[in-house]
Each structure stands twice: as C-alpha cells, then as structure tokens.
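Below is query36.cif, which holds mmCIF, C-alpha atoms.
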data_coords
loop_
_atom_site.group_PDB
_atom_site.id
_atom_site.type_symbol
_atom_site.label_atom_id
_atom_site.label_comp_id
_atom_site.auth_asym_id
_atom_site.auth_seq_id
_atom_site.Cartn_x
_atom_site.Cartn_y
_atom_site.Cartn_z
ATOM 1 C CA MET O 1 -31.048 62.025 37.976
ATOM 2 C CA ASP O 2 -29.194 65.258 38.636
ATOM 3 C CA GLY O 3 -26.471 64.179 36.227
ATOM 4 C CA SER O 4 -29.056 63.507 33.544
ATOM 5 C CA ASN O 5 -30.557 66.946 34.056
ATOM 6 C CA ASP O 6 -27.134 68.540 33.799
ATOM 7 C CA GLN O 7 -26.433 66.639 30.597
ATOM 8 C CA LEU O 8 -29.797 67.690 29.149
ATOM 9 C CA ILE O 9 -29.235 71.339 30.014
ATOM 10 C CA GLY O 10 -25.733 71.173 28.583
ATOM 11 C CA ALA O 11 -27.009 69.621 25.340
ATOM 12 C CA LEU O 12 -29.727 72.264 24.974
ATOM 13 C CA ALA O 13 -27.327 75.105 25.684
ATOM 14 C CA ALA O 14 -24.593 73.820 23.394
ATOM 15 C CA ASN O 15 -26.142 75.205 20.221
ATOM 16 C CA LEU O 16 -27.408 78.469 21.662
ATOM 17 C CA ARG O 17 -26.147 81.629 20.032
ATOM 18 C CA PRO O 18 -26.063 85.028 21.731
ATOM 19 C CA MET O 19 -28.897 87.278 20.599
ATOM 20 C CA ARG O 20 -28.165 90.863 19.712
ATOM 21 C CA PRO O 21 -30.545 93.062 21.708
ATOM 22 C CA LEU O 22 -32.975 95.235 19.776
ATOM 23 C CA PRO O 23 -32.491 98.997 19.792
ATOM 24 C CA PRO O 24 -34.917 100.788 22.135
ATOM 25 C CA PRO O 25 -38.382 101.657 20.731
ATOM 26 C CA ALA O 26 -37.521 105.355 20.550
ATOM 27 C CA LEU O 27 -34.536 104.681 18.290
ATOM 28 C CA ARG O 28 -36.471 102.258 16.097
ATOM 29 C CA THR O 29 -39.241 104.833 15.772
ATOM 30 C CA LEU O 30 -36.686 107.457 14.767
ATOM 31 C CA LEU O 31 -35.282 105.161 12.078
ATOM 32 C CA TRP O 32 -38.734 104.682 10.576
ATOM 33 C CA LEU O 33 -39.468 108.411 10.775
ATOM 34 C CA MET O 34 -36.209 109.032 8.916
ATOM 35 C CA LEU O 35 -37.576 106.865 6.104
ATOM 36 C CA VAL O 36 -40.748 108.977 6.060
ATOM 37 C CA ALA O 37 -38.614 112.117 6.016
ATOM 38 C CA ALA O 38 -36.660 110.754 3.037
ATOM 39 C CA VAL O 39 -39.925 110.157 1.166
ATOM 40 C CA ALA O 40 -41.016 113.698 2.085
ATOM 41 C CA ALA O 41 -37.775 115.103 0.691
ATOM 42 C CA VAL O 42 -38.377 113.351 -2.622
ATOM 43 C CA LEU O 43 -42.002 114.496 -2.829
ATOM 44 C CA ALA O 44 -41.013 118.046 -1.941
ATOM 45 C CA THR O 45 -39.024 118.300 -5.179
ATOM 46 C CA PHE O 46 -42.303 117.929 -7.117
ATOM 47 C CA SER O 47 -44.347 120.278 -4.942
ATOM 48 C CA ASP O 48 -44.862 124.040 -4.862
ATOM 49 C CA LEU O 49 -43.702 124.503 -1.282
ATOM 50 C CA ALA O 50 -44.662 128.179 -1.108
ATOM 51 C CA VAL O 51 -48.254 127.425 -2.069
ATOM 52 C CA MET O 52 -48.394 124.503 0.350
ATOM 53 C CA TRP O 53 -47.027 126.605 3.197
ATOM 54 C CA HIS O 54 -49.517 129.412 2.483
ATOM 55 C CA ARG O 55 -52.432 126.987 2.486
ATOM 56 C CA ILE O 56 -51.398 125.246 5.714
ATOM 57 C CA THR O 57 -50.736 128.463 7.622
ATOM 58 C CA ALA O 58 -53.758 130.393 6.315
ATOM 59 C CA THR O 59 -56.008 129.315 9.201
ATOM 60 C CA SER O 60 -55.446 127.660 12.547
ATOM 61 C CA ASP O 61 -57.540 124.602 11.696
ATOM 62 C CA MET O 62 -55.253 123.758 8.765
ATOM 63 C CA TRP O 63 -51.942 123.809 10.634
ATOM 64 C CA LEU O 64 -53.472 122.145 13.686
ATOM 65 C CA ALA O 65 -54.737 119.306 11.483
ATOM 66 C CA VAL O 66 -51.253 118.845 9.998
ATOM 67 C CA LEU O 67 -49.693 118.988 13.464
ATOM 68 C CA GLY O 68 -52.208 116.341 14.602
ATOM 69 C CA SER O 69 -51.429 114.016 11.690
ATOM 70 C CA ILE O 70 -47.669 114.343 12.279
ATOM 71 C CA ALA O 71 -48.101 113.653 15.995
ATOM 72 C CA THR O 72 -50.361 110.683 15.227
ATOM 73 C CA MET O 73 -47.740 109.274 12.859
ATOM 74 C CA ALA O 74 -44.977 109.488 15.458
ATOM 75 C CA THR O 75 -46.937 108.327 18.504
ATOM 76 C CA ALA O 76 -48.641 105.429 16.703
ATOM 77 C CA ALA O 77 -45.296 104.162 15.397
ATOM 78 C CA PHE O 78 -43.767 104.468 18.865
ATOM 79 C CA ALA O 79 -46.750 102.630 20.378
ATOM 80 C CA ALA O 80 -46.315 99.837 17.818
ATOM 81 C CA PHE O 81 -42.662 99.374 18.761
ATOM 82 C CA GLU O 82 -43.532 99.387 22.459
ATOM 83 C CA LEU O 83 -46.297 96.824 21.901
ATOM 84 C CA SER O 84 -43.883 94.627 19.958
ATOM 85 C CA LEU O 85 -42.065 93.870 23.216
ATOM 86 C CA PRO O 86 -43.540 91.074 25.360
ATOM 87 C CA ASP O 87 -43.234 92.928 28.671
ATOM 88 C CA ARG O 88 -45.101 96.056 27.561
ATOM 89 C CA SER O 89 -48.666 96.970 28.541
ATOM 90 C CA ARG O 90 -51.432 97.115 25.954
ATOM 91 C CA ALA O 91 -52.164 100.582 27.314
ATOM 92 C CA TRP O 92 -49.501 101.869 24.907
ATOM 93 C CA ALA O 93 -52.229 101.701 22.245
ATOM 94 C CA LEU O 94 -53.817 104.740 23.919
ATOM 95 C CA LEU O 95 -50.771 106.904 23.215
ATOM 96 C CA PRO O 96 -51.788 108.184 19.739
ATOM 97 C CA LEU O 97 -55.411 108.914 20.698
ATOM 98 C CA PRO O 98 -54.910 112.571 21.802
ATOM 99 C CA ALA O 99 -52.979 113.350 18.605
ATOM 100 C CA ALA O 100 -55.609 111.596 16.492
ATOM 101 C CA ALA O 101 -58.328 113.587 18.276
ATOM 102 C CA LEU O 102 -56.484 116.817 17.403
ATOM 103 C CA TRP O 103 -56.118 115.679 13.786
ATOM 104 C CA VAL O 104 -59.792 114.787 13.380
ATOM 105 C CA GLY O 105 -61.070 117.699 15.472
ATOM 106 C CA ALA O 106 -59.087 120.361 13.623
ATOM 107 C CA SER O 107 -60.102 118.859 10.275
ATOM 108 C CA GLY O 108 -63.720 118.951 11.403
ATOM 109 C CA LEU O 109 -63.424 122.614 12.383
ATOM 110 C CA GLY O 110 -62.160 123.364 8.902
ATOM 111 C CA CYS O 111 -65.312 121.850 7.452
ATOM 112 C CA MET O 112 -67.390 124.305 9.492
ATOM 113 C CA ARG O 113 -65.793 127.409 7.996
ATOM 114 C CA ALA O 114 -68.151 129.461 5.864
ATOM 115 C CA TYR O 115 -65.473 130.458 3.354
ATOM 116 C CA VAL O 116 -63.010 128.705 1.077
ATOM 117 C CA LEU O 117 -59.344 129.523 1.600
ATOM 118 C CA PRO O 118 -57.894 131.761 -1.122
ATOM 119 C CA GLY O 119 -55.850 129.821 -3.641
ATOM 120 C CA THR O 120 -57.692 126.552 -2.969
ATOM 121 C CA HIS O 121 -60.902 124.951 -4.136
ATOM 122 C CA VAL O 122 -63.306 122.255 -3.036
ATOM 123 C CA ALA O 123 -62.181 118.828 -4.228
ATOM 124 C CA ALA O 124 -64.302 117.264 -6.940
ATOM 125 C CA LEU O 125 -65.242 113.595 -6.779
ATOM 126 C CA GLY O 126 -62.340 112.533 -8.993
ATOM 127 C CA GLU O 127 -59.885 114.604 -6.980
ATOM 128 C CA ALA O 128 -61.159 113.108 -3.721
ATOM 129 C CA ARG O 129 -60.656 109.653 -5.238
ATOM 130 C CA ASP O 130 -57.050 110.570 -6.042
ATOM 131 C CA CYS O 131 -56.539 111.515 -2.385
ATOM 132 C CA LEU O 132 -57.900 108.123 -1.360
ATOM 133 C CA LEU O 133 -55.552 106.303 -3.733
ATOM 134 C CA PHE O 134 -52.554 108.401 -2.646
ATOM 135 C CA ILE O 135 -53.025 107.648 1.050
ATOM 136 C CA ILE O 136 -53.611 103.937 0.473
ATOM 137 C CA GLY O 137 -50.825 103.582 -2.102
ATOM 138 C CA LEU O 138 -48.194 105.356 -0.029
ATOM 139 C CA SER O 139 -49.265 103.570 3.152
ATOM 140 C CA VAL O 140 -48.490 100.159 1.640
ATOM 141 C CA PRO O 141 -44.659 100.471 1.565
ATOM 142 C CA LEU O 142 -44.586 102.488 4.789
ATOM 143 C CA SER O 143 -46.663 99.966 6.736
ATOM 144 C CA ALA O 144 -44.837 97.007 5.168
ATOM 145 C CA THR O 145 -41.494 98.458 6.269
ATOM 146 C CA LEU O 146 -42.818 99.107 9.752
ATOM 147 C CA ILE O 147 -44.205 95.588 10.138
ATOM 148 C CA VAL O 148 -40.921 94.074 8.925
ATOM 149 C CA MET O 149 -39.144 96.082 11.635
ATOM 150 C CA LEU O 150 -41.701 94.878 14.194
ATOM 151 C CA ARG O 151 -41.127 91.220 13.270
ATOM 152 C CA ARG O 152 -37.742 91.280 14.968
ATOM 153 C CA ALA O 153 -39.453 91.590 18.350
ATOM 154 C CA TYR O 154 -41.895 89.266 20.129
ATOM 155 C CA SER O 155 -45.291 90.931 20.444
ATOM 156 C CA LEU O 156 -47.893 89.248 22.630
ATOM 157 C CA ALA O 157 -50.580 91.434 21.048
ATOM 158 C CA PRO O 158 -50.035 91.099 17.263
ATOM 159 C CA PRO O 159 -53.438 92.565 16.218
ATOM 160 C CA LEU O 160 -53.008 95.681 18.349
ATOM 161 C CA THR O 161 -49.389 96.086 17.255
ATOM 162 C CA ALA O 162 -50.320 95.763 13.588
ATOM 163 C CA ALA O 163 -53.203 98.227 13.964
ATOM 164 C CA MET O 164 -50.853 100.817 15.469
ATOM 165 C CA ALA O 165 -48.483 100.261 12.542
ATOM 166 C CA GLY O 166 -51.343 100.863 10.134
ATOM 167 C CA LEU O 167 -52.444 104.026 11.931
ATOM 168 C CA GLY O 168 -48.921 105.430 11.933
ATOM 169 C CA SER O 169 -48.457 104.665 8.232
ATOM 170 C CA ALA O 170 -51.836 106.133 7.284
ATOM 171 C CA ALA O 171 -51.093 109.291 9.269
ATOM 172 C CA ALA O 172 -47.723 109.563 7.531
ATOM 173 C CA ALA O 173 -49.334 109.222 4.096
ATOM 174 C CA ALA O 174 -52.025 111.764 4.980
ATOM 175 C CA THR O 175 -49.332 114.188 6.122
ATOM 176 C CA LEU O 176 -47.336 113.732 2.913
ATOM 177 C CA LEU O 177 -50.505 114.293 0.884
ATOM 178 C CA ASN O 178 -50.243 117.972 1.816
ATOM 179 C CA PHE O 179 -47.521 118.344 -0.812
ATOM 180 C CA PHE O 180 -50.166 117.788 -3.509
ATOM 181 C CA HIS O 181 -53.451 118.776 -1.851
ATOM 182 C CA PRO O 182 -54.584 122.237 -3.014
ATOM 183 C CA PHE O 183 -58.066 121.737 -1.578
ATOM 184 C CA ASP O 184 -59.836 123.324 1.337
ATOM 185 C CA ALA O 185 -61.231 121.166 4.119
ATOM 186 C CA THR O 186 -64.738 119.930 3.414
ATOM 187 C CA ALA O 187 -66.948 117.222 4.859
ATOM 188 C CA THR O 188 -66.458 115.125 1.724
ATOM 189 C CA ASP O 189 -62.689 115.521 1.827
ATOM 190 C CA LEU O 190 -62.608 114.599 5.520
ATOM 191 C CA ALA O 191 -64.797 111.559 4.890
ATOM 192 C CA VAL O 192 -62.539 110.354 2.064
ATOM 193 C CA HIS O 193 -59.466 110.710 4.267
ATOM 194 C CA ALA O 194 -61.221 108.852 7.089
ATOM 195 C CA VAL O 195 -62.145 106.005 4.742
ATOM 196 C CA ALA O 196 -58.563 105.794 3.467
ATOM 197 C CA VAL O 197 -57.157 105.678 7.006
ATOM 198 C CA ALA O 198 -59.712 103.039 8.008
ATOM 199 C CA ILE O 199 -58.796 100.877 5.001
ATOM 200 C CA VAL O 200 -55.074 101.114 5.802
ATOM 201 C CA VAL O 201 -55.570 100.285 9.483
ATOM 202 C CA ALA O 202 -57.851 97.347 8.636
ATOM 203 C CA ALA O 203 -55.405 95.993 6.047
ATOM 204 C CA ALA O 204 -52.463 96.330 8.433
ATOM 205 C CA TRP O 205 -54.490 94.623 11.148
ATOM 206 C CA ALA O 206 -55.365 91.718 8.851
ATOM 207 C CA PHE O 207 -52.050 91.131 7.091
ATOM 208 C CA GLY O 208 -49.756 92.480 9.776
ATOM 209 C CA THR O 209 -51.320 90.275 12.435
ATOM 210 C CA ARG O 210 -50.678 87.193 10.308
ATOM 211 C CA THR O 211 -47.072 88.256 9.677
ATOM 212 C CA LEU O 212 -46.345 88.946 13.328
ATOM 213 C CA ARG O 213 -47.934 85.668 14.412
ATOM 214 C CA ASN O 214 -45.885 83.764 11.857
ATOM 215 C CA SER O 215 -42.741 85.372 13.249
ATOM 216 C CA LEU O 216 -43.730 84.106 16.702
ATOM 217 C CA ALA O 217 -44.261 80.595 15.387
ATOM 218 C CA GLY O 218 -40.796 80.616 13.834
ATOM 219 C CA MET O 219 -39.081 81.398 17.135
#

Any chance you could put this one into structure tokens?
Amino acid sequence: MDGSNDQLIGALAANLRPMRPLPPPALRTLLWLMLVAAVAAVLATFSDLAVMWHRITATSDMWLAVLGSIATMATAAFAAFELSLPDRSRAWALLPLPAAALWVGASGLGCMRAYVLPGTHVAALGEARDCLLFIIGLSVPLSATLIVMLRRAYSLAPPLTAAMAGLGSAAAAATLLNFFHPFDATATDLAVHAVAVAIVVAAAWAFGTRTLRNSLAGM
C-alpha cells in the first residue's frame, strides 16, 4: 500500500513545474500606478496646467478632494492586490475608506461654498454628462488592466477584490478628469461623479468577479 502511495505521489509530481512567485502587492500596485501616471503624462500635454493648478489650489476643499481621490486610487488598488492573495483578510477592503471619506467630504464642502471660484463656472447638464462619460470611459481600460493583473493570483473573495479594482480605477479616472474640468464644485457635479464611480464599481464587481472566478476554475 505504501509503495502504491509513493508511486501515485511520484506520478502526480512528475509533471509539476515550478511556479514563479508573484511580486509583493506593493510592487504590483506601483506598476499599475505607473500606468496611471503614463496616462496622466499624455493627458497633461492637452491640458492648461497653469489653469488647472490655480483651480485646484484656490481653496482647501479643492486640493483636499484631489488628495482624497489620489489616496483612494492608491489604497483601493493596494487593497485589491492584497485581497487577491488567498491568505489575506477581507478587512483589507476597509483600507480605502478613510481616503474615500476625505474625497467625498471635501467635495461636499466645496458644494457648500457661497461663491464660484474665479476662472471657473458651474457645469451645465451637457458638461456634467461629459464628465460622466470621461470617468466611465477611462475607467474601462484601467480596471481591465488591473483585473488582468489580479488574475495571476488566487483570490478567495473575487467580488470584493473586483469591487476594490473598480473603486481604484474610478478614483484614478476622477483624478485625471481634473486636467479637463474647469468647473467649480456643485451638488450636481458631485452627484454626477458619484453616479459615475458607482457605475464603474458595479461593472467591475459584475464582470471582474466572473473573470476572477474563471481564473480560479482554470487552476
């Protein structure tokens, strides 16, 4: 019996190939952020950087909102890579919440200002729609790239992992929107951004979950 077991183990191990370990989540996050930075560099060539900088730094709520969206992008992506590993706690999904609270809170404070920032205007309905399409459109390749990177791991929580990928991608797109967003913060503008982020997260949750589960089935 022992000989049979040894033969079975030997037969199963004969065709095994050594697996190359994945880079740590921090490094994988940095690689994805480098992609976002490359997209930012391209968009910057079509933007009036002086005007953008003036608008963002004009009031504290504006630069805090941008800081919150950048932090949400980075922490959500890092949480997704952590959650893609089977030995990680689902509590990693809480990591981007403080940054997201800063992003939403600062944007909400901007809506409460009684004046419009010089050099900006309140977005019309068509302009708000363009913001919606920009965030969703740019989030598609960013989230797709992130989910492809996540497929190399073995997540035991595919829906949560995919949702974090969607949140990080939506935050990245919202941050990059600042290159072409000469509007002051208003309740309508904030609502449009929130809808866009919600759509991206929901889409990533739906399609990303299926992709990550299929990768598990193929292992």

Query raised in the report: Taking all atoms listed in the file into account, which of O:Ala93, O:Gly168, O:Ala71, O:Gly110 comes nearest Leu142 of chain O?
Result: O:Gly168

Report task. Find the residues near segment 129-135 of chain O: any atom within 7 Å, counting only C-alpha atoms, skip ones fewer than 4 places away on the same chain, and give them as a list in words. Result ->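 Non-adjacent residues within range: Leu125, Ser139, Ala170, Ala173, Ala174, Val192, His193 and Ala196 of chain O.
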
Query raised in the report: Which residue gives the smallest distance to Ala194 of chain O among O:Ser107, O:Phe179, O:Trp92, O:Leu31, with only C-alpha atoms counted?
Result: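 Ranked by minimum distance to Ala194 of chain O, first place goes to O:Ser107.
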
**Report entry** Closest of O:Ala171, O:Val200, O:Leu176, O:Ile136 to Trp103 of chain O - atom-to-atom distances counting all atoms listed in the file
**Finding:**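 Under the stated criterion, the closest residue is O:Ala171.
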
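Excluding Arg151 of chain O and any residue on its chain fewer than 6 positions from it, the residues at most 10 Å away by all atoms listed in the file are Phe81, Ser84, Pro158, Gly208, Thr211, Leu212, Arg213, Asn214, Ser215 and Leu216 of chain O.
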
Using all atoms listed in the file, list the residues that have an atom at most 7 Å from (-48.8, 98.1, 8.1), coordinates as in the file, as a compact mmCIF listing (two decimals) with C-alpha atoms, in the coordinates of the input.
# COMPACT_ATOMS: atom_id res chain seq x y z
CA VAL O 140 -48.49 100.16 1.64
CA LEU O 142 -44.59 102.49 4.79
CA SER O 143 -46.66 99.97 6.74
CA ALA O 144 -44.84 97.01 5.17
CA LEU O 146 -42.82 99.11 9.75
CA ILE O 147 -44.20 95.59 10.14
CA ALA O 162 -50.32 95.76 13.59
CA ALA O 165 -48.48 100.26 12.54
CA GLY O 166 -51.34 100.86 10.13
CA SER O 169 -48.46 104.66 8.23
CA ALA O 204 -52.46 96.33 8.43
CA GLY O 208 -49.76 92.48 9.78

Requested in this report: Check what the PyMOL selection byres ((chain O and resi 160) around 9) selects in the file above and give those residues as a PyMOL selection string.
Outcome: chain O and resi 80+83+90+93+157-159+161-165+205+209

Around segment 85-102 of chain O, with edges along x, y and z and 5 Å added on all six sides, what centre and edge lengths do you get, in Å to one decimal, as JSON?
{"center_x": -50.2, "center_y": 103.9, "center_z": 22.6, "size_x": 26.3, "size_y": 35.7, "size_z": 22.2}

**Report entry** Nearest candidate to Arg55 of chain O (options O:Ala76, O:Ala99, O:Ala202, O:Ala185; using all atoms listed in the file)
**Finding:**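 The answer is O:Ala185, which sits nearest to Arg55 of chain O.
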